[in-house]
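Trainee: Handing you a structure now.
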Amino acid sequence: MSSKDNPRFSIEVKELNWQIGNARILKDIGLQLDKNSFVGIIGPNGSGKTTLLRNISSWYKPDAGTVLIHGRDVLSYTSRALAHEMAFVTQNARIEFEFTAMDIVLMGRSPYISRFGSETQEDIEKSRKIMELTKTWELKDRSVTTLSAGEMQRVMIARALVQDTPILLMDEPISNLDINHQIQIMDLIKGYQREKGVTVVMVLHDLNIAAQYCEKLILLNRGEIFCSGEPESVLTRDNIRAVYGIDVHIMGNPLNGHPMVVPISTLGNPDLSKIDK
């Protein structure tokens with residue numbers, strides 16, 4: 001079944017459970033993610049965000065339940081066929097071999113290369129364009145063992161984009177980047193998602209960045225979906241207090257109206273009436 005055979009959903013998760021030993025990490029997860037959507041997975045540390053992403057990718061096998069990719073059980077795909085459907089940017093990737101940055105990015109083209117074939121000029125050109133977009137072209141001849149964590153993260157994002165898949169799974173892709181590169185990468189991914197019509201599912205810690213870029217948020221708490229929906233309905237004072245255990249003030253971003261989360265320090269008792277509504 002190709003991605004065109006299903007009229008709506010890129011990803012469906014049905015009654016998904018996953019555990020380590022006697023500890024159940026994910027509990028009865030159910031999701032339906034539209035095609036061409038930008039979805040953020042948020043929640044405190046240990047809530048199951050990365051575990052959920054790895055179950056969707058088939059990195060982990062569910063103990064119960066099903067993950068469907070374009071209407072087909074993810075576990076029924078061969079690894080090569082699945083690589084045509086989704087790319088996965090893992091958190092804090094480490095590569096200890098002396099590959100260049102260009103070598104790593106070209107690995108994203110491997111699903112399209114025959115077993116005994118090699119990269120074509122088209123593959124190289126696609127990689128160059130993506131590396132220019134991600135501002136990694138100047139790193140092309142550098143060994144990845146010499147790259148900073150932020151540089152390495154941008155190279156791994158470039159590898160995922162050049163894979164040219166209808167689904168992008170991204171586990172904290174901006175965690176090692178400074179604010180300049182965070183916004184550059186988020187703008188790039190959002191623009192890529194709109195232009196290509198792909199589905200992006202991204203784990204994020206920064207709630208304000210999640211609110212600005214994501215059309216839908218999934219808030220996890222202790223392995224369960226606490227709530228999901230548009231950022232305005234998920235990022236509420238009550239929800240954040242219940243899940244994160246912190247009081248916040250929610251205000252509209254003056255530039256675009258998206259919700260902004262302002263943590264309230266426990267060192268004082270601010271007068272919220274002084275804040276412009």
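The way I read the labels, and the way they are meant: chains A, B, ... in the order of the structure tokens, residue 1 as the first residue of every chain, and ligand 1 as the first ligand shown, with later ones counted on from there.
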Out of region 204-233 of chain A, which residues get helix (DSSP H, G or I) from DSSP, as a list in words?

Mentor: Leu207, Asn208, Ile209, Ala210, Ala211, Gln212, Tyr213, Pro231, Glu232 and Ser233 of chain A

Trainee: Which of region 190-277 of chain A end up as strand (DSSP E) when DSSP is run on this backbone - answer as number ranges by chain?

Mentor: A: 199-203, 216-221, 224-229, 248-252, 259-263

Trainee: Would you mind exporting the chosen residues as a PDB file, in the first residue's frame, restricted to C-alpha atoms?

Mentor:
ATOM      1  CA  THR A 199       3.814  15.109   8.165  1.00  0.00           C
ATOM      2  CA  VAL A 200       6.196  16.211  10.910  1.00  0.00           C
ATOM      3  CA  VAL A 201       6.021  14.671  14.393  1.00  0.00           C
ATOM      4  CA  MET A 202       8.458  16.363  16.733  1.00  0.00           C
ATOM      5  CA  VAL A 203       9.322  15.954  20.413  1.00  0.00           C
ATOM      6  CA  LYS A 216      -1.450  20.113  17.082  1.00  0.00           C
ATOM      7  CA  LEU A 217       0.110  19.269  20.434  1.00  0.00           C
ATOM      8  CA  ILE A 218       0.036  15.958  22.297  1.00  0.00           C
ATOM      9  CA  LEU A 219       0.663  16.438  26.020  1.00  0.00           C
ATOM     10  CA  LEU A 220       1.947  13.281  27.694  1.00  0.00           C
ATOM     11  CA  ASN A 221       1.992  12.624  31.419  1.00  0.00           C
ATOM     12  CA  GLU A 224      -0.604   8.559  28.956  1.00  0.00           C
ATOM     13  CA  ILE A 225      -2.098  11.253  26.762  1.00  0.00           C
ATOM     14  CA  PHE A 226      -3.245  13.940  29.175  1.00  0.00           C
ATOM     15  CA  CYS A 227      -4.778  15.965  26.361  1.00  0.00           C
ATOM     16  CA  SER A 228      -4.270  16.836  22.703  1.00  0.00           C
ATOM     17  CA  GLY A 229      -5.452  19.468  20.288  1.00  0.00           C
ATOM     18  CA  VAL A 248       2.357  29.799  34.722  1.00  0.00           C
ATOM     19  CA  HIS A 249       0.808  32.800  33.078  1.00  0.00           C
ATOM     20  CA  ILE A 250      -0.547  32.306  29.544  1.00  0.00           C
ATOM     21  CA  MET A 251      -0.557  35.313  27.256  1.00  0.00           C
ATOM     22  CA  GLY A 252      -0.943  35.866  23.536  1.00  0.00           C
ATOM     23  CA  PRO A 259      -0.079  31.231  23.309  1.00  0.00           C
ATOM     24  CA  MET A 260       3.031  32.130  25.276  1.00  0.00           C
ATOM     25  CA  VAL A 261       3.869  30.333  28.503  1.00  0.00           C
ATOM     26  CA  VAL A 262       5.476  32.477  31.201  1.00  0.00           C
ATOM     27  CA  PRO A 263       6.605  30.451  34.254  1.00  0.00           C
TER      28      PRO A 263
END

Trainee: Show me, as a list in words, the residues that have an atom within 9 Å of Glu151 (chain A) when counting only C-alpha atoms, minus same-chain residues fewer than 2 positions from it.

Mentor: Thr136, Leu139, Val144, Leu147, Ser148, Ala149, Gln153, Arg154, Val155, Met156, Asn176 and Leu177 of chain A

Trainee: Write to file, as a short mmCIF file (atom, residue, chain, number, x, y, z; two decimals), in the first residue's frame, the residues of the selection just made, with C-alpha atoms.

Mentor:
data_model
loop_
_atom_site.label_atom_id
_atom_site.label_comp_id
_atom_site.auth_asym_id
_atom_site.auth_seq_id
_atom_site.Cartn_x
_atom_site.Cartn_y
_atom_site.Cartn_z
CA THR A 136 25.97 22.57 6.80
CA LEU A 139 31.03 21.38 6.99
CA VAL A 144 31.91 14.26 12.06
CA LEU A 147 31.83 18.62 14.92
CA SER A 148 30.19 20.29 17.86
CA ALA A 149 26.93 18.83 19.17
CA GLN A 153 22.52 17.89 14.98
CA ARG A 154 22.18 20.05 11.87
CA VAL A 155 23.97 17.38 9.80
CA MET A 156 21.55 14.73 11.04
CA ASN A 176 21.79 21.33 21.09
CA LEU A 177 21.35 24.52 19.09
#

Trainee: Find, counting only C-alpha atoms, the residue in A:Ile42, A:Lys126, A:Thr236, A:Gly223 that gets nearest to Gln19 (chain A).

Mentor: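 Between A:Ile42, A:Lys126, A:Thr236, A:Gly223, the residue approaching Gln19 (chain A) most closely is A:Gly223.
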
Trainee: Would you mind listing what lies within 7 Å of Arg159 (chain A) as a list of chain:residue names, with only C-alpha atoms counted and same-chain residues fewer than 5 positions away left out?

Mentor: A:Ile104, A:Val105, A:Leu106, A:Met107, A:Gly108

Trainee: Take CA of Val198 (chain A) and CA of Val39 (chain A) and report the distance between them in Å, one decimal.

Mentor: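 CA of Val39 (chain A) lies 11.1 Å from CA of Val198 (chain A).
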
Trainee: Give me, please, the distance in Å between CA of Asn208 (chain A) and CA of Arg8 (chain A), quoted to one decimal.

Mentor: 28.1 Å

Trainee: What is the distance between CA of Asp103 (chain A) and CA of Glu119 (chain A), in Å to one decimal?

Mentor: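 Here the two named atoms are 10.5 Å from each other.
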
Trainee: Name the closest residue to Val162 (chain A) among the candidates A:Leu207, A:Val74, A:Leu68, A:Ala87; distances are taken between atoms, counting only C-alpha atoms.

Mentor: A:Ala87

Trainee: Pick from A:Phe88, A:Ala23, A:Cys214, A:Gly197: nearest to Val234 (chain A), with only C-alpha atoms counted?

Mentor: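 Nearest to Val234 (chain A): A:Cys214.
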
Trainee: For Tyr112 (chain A), which residue among A:Leu82, A:Val13, A:Ile20, A:Ile29 is the nearest when counting only C-alpha atoms?

Mentor: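 Checking each of A:Leu82, A:Val13, A:Ile20, A:Ile29 against Tyr112 (chain A), counting only C-alpha atoms, the winner is A:Leu82.
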
Trainee: Do a neighbour search on Val243 (chain A) at 10 Å with only C-alpha atoms, toss out local chain neighbours closer than 2 positions, and write the hits as a compact mmCIF listing (two decimals) with all heavy atoms, in the first residue's frame.

Mentor:
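Dumped everything to part19.txt:
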# COMPACT_ATOMS: atom_id res chain seq x y z
N GLY A 43 5.70 17.27 27.13
CA GLY A 43 5.48 16.64 28.43
C GLY A 43 6.76 16.67 29.23
O GLY A 43 7.85 16.87 28.68
N PRO A 44 6.67 16.47 30.54
CA PRO A 44 7.86 16.51 31.39
C PRO A 44 8.80 15.34 31.11
O PRO A 44 8.43 14.37 30.41
CB PRO A 44 7.29 16.44 32.80
CG PRO A 44 5.94 15.83 32.65
CD PRO A 44 5.43 16.23 31.31
N SER A 47 8.00 11.27 30.66
CA SER A 47 6.57 11.08 30.36
C SER A 47 6.32 10.12 29.21
O SER A 47 5.18 9.74 28.96
CB SER A 47 5.92 12.44 30.05
OG SER A 47 6.56 13.07 28.96
N LEU A 219 0.06 16.26 24.69
CA LEU A 219 0.66 16.44 26.02
C LEU A 219 0.63 15.10 26.75
O LEU A 219 -0.44 14.57 27.06
CB LEU A 219 -0.10 17.50 26.80
CG LEU A 219 0.34 17.75 28.25
CD1 LEU A 219 1.82 18.12 28.33
CD2 LEU A 219 -0.53 18.84 28.89
N LEU A 220 1.83 14.55 26.99
CA LEU A 220 1.95 13.28 27.69
C LEU A 220 2.22 13.51 29.18
O LEU A 220 2.93 14.45 29.55
CB LEU A 220 3.08 12.43 27.11
CG LEU A 220 2.94 11.91 25.68
CD1 LEU A 220 4.13 11.02 25.34
CD2 LEU A 220 1.64 11.13 25.49
N ASN A 221 1.71 12.61 29.99
CA ASN A 221 1.99 12.62 31.42
C ASN A 221 2.00 11.19 31.93
O ASN A 221 1.00 10.48 31.80
CB ASN A 221 0.93 13.44 32.17
CG ASN A 221 1.30 13.63 33.63
OD1 ASN A 221 2.46 13.78 33.98
ND2 ASN A 221 0.30 13.63 34.50
N ARG A 222 3.15 10.76 32.41
CA ARG A 222 3.30 9.41 32.96
C ARG A 222 2.83 8.33 32.00
O ARG A 222 2.14 7.38 32.37
CB ARG A 222 2.55 9.30 34.30
CG ARG A 222 3.08 10.25 35.36
CD ARG A 222 2.33 10.13 36.67
NE ARG A 222 2.85 11.07 37.66
CZ ARG A 222 2.36 11.20 38.88
NH1 ARG A 222 1.33 10.44 39.27
NH2 ARG A 222 2.90 12.06 39.71
N PHE A 226 -2.47 13.11 28.25
CA PHE A 226 -3.25 13.94 29.18
C PHE A 226 -4.28 14.73 28.40
O PHE A 226 -5.44 14.83 28.80
CB PHE A 226 -2.31 14.87 29.94
CG PHE A 226 -3.00 15.70 30.99
CD1 PHE A 226 -3.21 15.17 32.25
CD2 PHE A 226 -3.43 16.98 30.71
CE1 PHE A 226 -3.87 15.94 33.23
CE2 PHE A 226 -4.08 17.75 31.65
CZ PHE A 226 -4.30 17.23 32.92
N ASP A 238 -4.19 25.51 33.74
CA ASP A 238 -4.58 24.32 34.51
C ASP A 238 -3.84 23.08 34.02
O ASP A 238 -3.38 22.26 34.83
CB ASP A 238 -6.08 24.10 34.41
CG ASP A 238 -6.88 25.12 35.22
OD1 ASP A 238 -6.29 25.77 36.11
OD2 ASP A 238 -8.10 25.26 34.96
N ASN A 239 -3.74 22.91 32.69
CA ASN A 239 -3.05 21.73 32.15
C ASN A 239 -1.58 21.72 32.55
O ASN A 239 -1.04 20.67 32.93
CB ASN A 239 -3.17 21.70 30.63
CG ASN A 239 -4.56 21.34 30.15
OD1 ASN A 239 -5.38 20.83 30.92
ND2 ASN A 239 -4.83 21.60 28.88
N ILE A 240 -0.93 22.84 32.43
CA ILE A 240 0.51 22.89 32.74
C ILE A 240 0.75 22.70 34.23
O ILE A 240 1.68 22.01 34.64
CB ILE A 240 1.11 24.21 32.22
CG1 ILE A 240 1.08 24.20 30.68
CG2 ILE A 240 2.54 24.39 32.72
CD1 ILE A 240 1.50 25.49 30.05
N ARG A 241 -0.11 23.27 35.04
CA ARG A 241 0.03 23.07 36.49
C ARG A 241 -0.16 21.59 36.84
O ARG A 241 0.59 21.04 37.65
CB ARG A 241 -1.00 23.92 37.23
CG ARG A 241 -0.87 23.81 38.76
CD ARG A 241 -2.06 24.45 39.44
NE ARG A 241 -2.03 25.90 39.33
CZ ARG A 241 -3.10 26.63 39.01
NH1 ARG A 241 -4.25 26.06 38.72
NH2 ARG A 241 -3.00 27.94 38.97
N GLY A 245 3.54 20.61 37.24
CA GLY A 245 3.64 20.99 38.64
C GLY A 245 4.19 22.39 38.86
O GLY A 245 4.87 22.64 39.85
N ILE A 246 3.91 23.29 37.93
CA ILE A 246 4.37 24.67 38.05
C ILE A 246 3.25 25.60 37.63
O ILE A 246 2.45 25.28 36.75
CB ILE A 246 5.64 24.90 37.18
CG1 ILE A 246 6.22 26.29 37.43
CG2 ILE A 246 5.33 24.70 35.70
CD1 ILE A 246 7.56 26.53 36.74

Trainee: When you look at Ile183 (chain A) with a cut-off of 12 Å (counting only C-alpha atoms), what residues show up, excluding the ones that are within fewer than 6 positions of it in the same chain? I need them as number ranges by chain.

Mentor: A: 134, 173-175, 177, 189-191, 206, 208-210, 212-213
